[in-house]
Amino acid sequence: MDGSTVPRRTSKPRTWLPPALVAALALALGGCSMATTAPASAREEAASDGKGEPGPVDCRVAKCIALTFDAGPGADTPHLLDVLKEKKVHATFFLLGKNHVLKHPDTVRRIADEGHEVANHTWSHEILTDKKPDEIRAELEKTQDAIAKITGKKPRLMRPPQGRTDDTVSEISKELGLSQILWSATAKDYSTTDSALIEKRILDQASRDGIILLHDIYKGSVPAVPGIIDALRERGYTFVTVPELMAPAEPEPGTIYRP
């Protein structure tokens, strides 16, 4: 799961699995037969005249990584934006429509105005693979429309809750012009308020061309961001948005991207 909701309680101990395996299992459970594409593979396969928007560096040469935040905006998002502005980092925000986009329109506008990528994380964080086609479309379209009303532009990326997708979700995403973005590093920050632990988990999983998943709605997450940025920069990483990670390729609607 992507941790955007409180995890279900269980009396049995949990076995830790690598995040890439978790995402793969989620795809399998969701019944998805479509292949996934790594952003780096899309980038390398793009023609030299690809139309993808270039970032601060050429990620074909530089050591790039994308910082993403799910399930906001929330009360702590403005402080996170202050941190990102100070650090000169652009991130990708996968926003929830109900109780988030509608509640914090000024923050949504600020995210867009400050050069971050505004993306879709559905309307109410329902598991899309459990829904009928019309319900899936509504979950995505309502958030598209709400964001466009504030920013003047519909998102081009979406992240399915818990990473759960299938052929139907992919087809509807394609119709709506949305690429699906999974991740390679997660701190499970829904389960702890320990910022030092969140930072350690991300640093342990960070890799070139990776996509980091955090949440700007949990108390321990935003305080961990400065340390994560500083430590990864010391390791030679450059932070980019998800579309910049795959430039000169452009995100293809319906495609599932997973590092």
# chains A, B, ... in the order shown; residues from 1 in each chain; ligands from 1
$ select_by_dssp --residues "segment 31-154 of chain A" --states "helix (DSSP H, G or I)" --output "ChimeraX atom specification"
/A:39-45,77-87,97-101,105-113,128-130,133-151
$ select_by_dssp --residues "segment 178-253 of chain A" --states "strand (DSSP E or B)" --output "VMD selection string"
chain A and resid 179 to 181 185 to 186 210 to 215 238 to 240
$ closest_atom_pairs --of "segment 88-184 of chain A" --to "segment 233-245 of chain A" --cutoff "7 Å" --atoms "only C-alpha atoms" --output "tab-separated table"
residue	atom	partner	partner_atom	distance
A:Val89	CA	A:Phe239	CA	6.1
A:His90	CA	A:Val240	CA	6.0
A:Ala91	CA	A:Thr241	CA	5.2
A:Thr92	CA	A:Thr241	CA	5.5
A:Glu117	CA	A:Thr241	CA	6.5
$ closest_residue --among "A:Gly72, A:Leu182, A:Glu86, A:Ala249" --to "Gly55 of chain A" --atoms "only C-alpha atoms"
A:Ala249
$ closest_atom_pairs --of "segment 109-174 of chain A" --to "segment 100-104 of chain A" --cutoff "8 Å" --atoms "only C-alpha atoms" --output "JSON lines"
{"residue": "A:Thr143", "atom": "CA", "partner": "A:Val101", "partner_atom": "CA", "distance": 7.9}
{"residue": "A:Ala146", "atom": "CA", "partner": "A:Val101", "partner_atom": "CA", "distance": 7.1}
{"residue": "A:Ile147", "atom": "CA", "partner": "A:Val101", "partner_atom": "CA", "distance": 7.0}
$ residues_around --residues "Ser221 of chain A" --least-positions-apart "2" --cutoff "10 Å" --atoms "only C-alpha atoms" --output "list in words"
Phe69, Asp76, Leu80, Ala187, Lys188, Asp189, Tyr190, Thr192, Thr193, Asp194, Ser195, Ala196, Leu197, Ile198, Glu199, Leu214, His215, Asp216, Ile217, Tyr218, Lys219, Pro223, Ala224 and Val225 of chain A
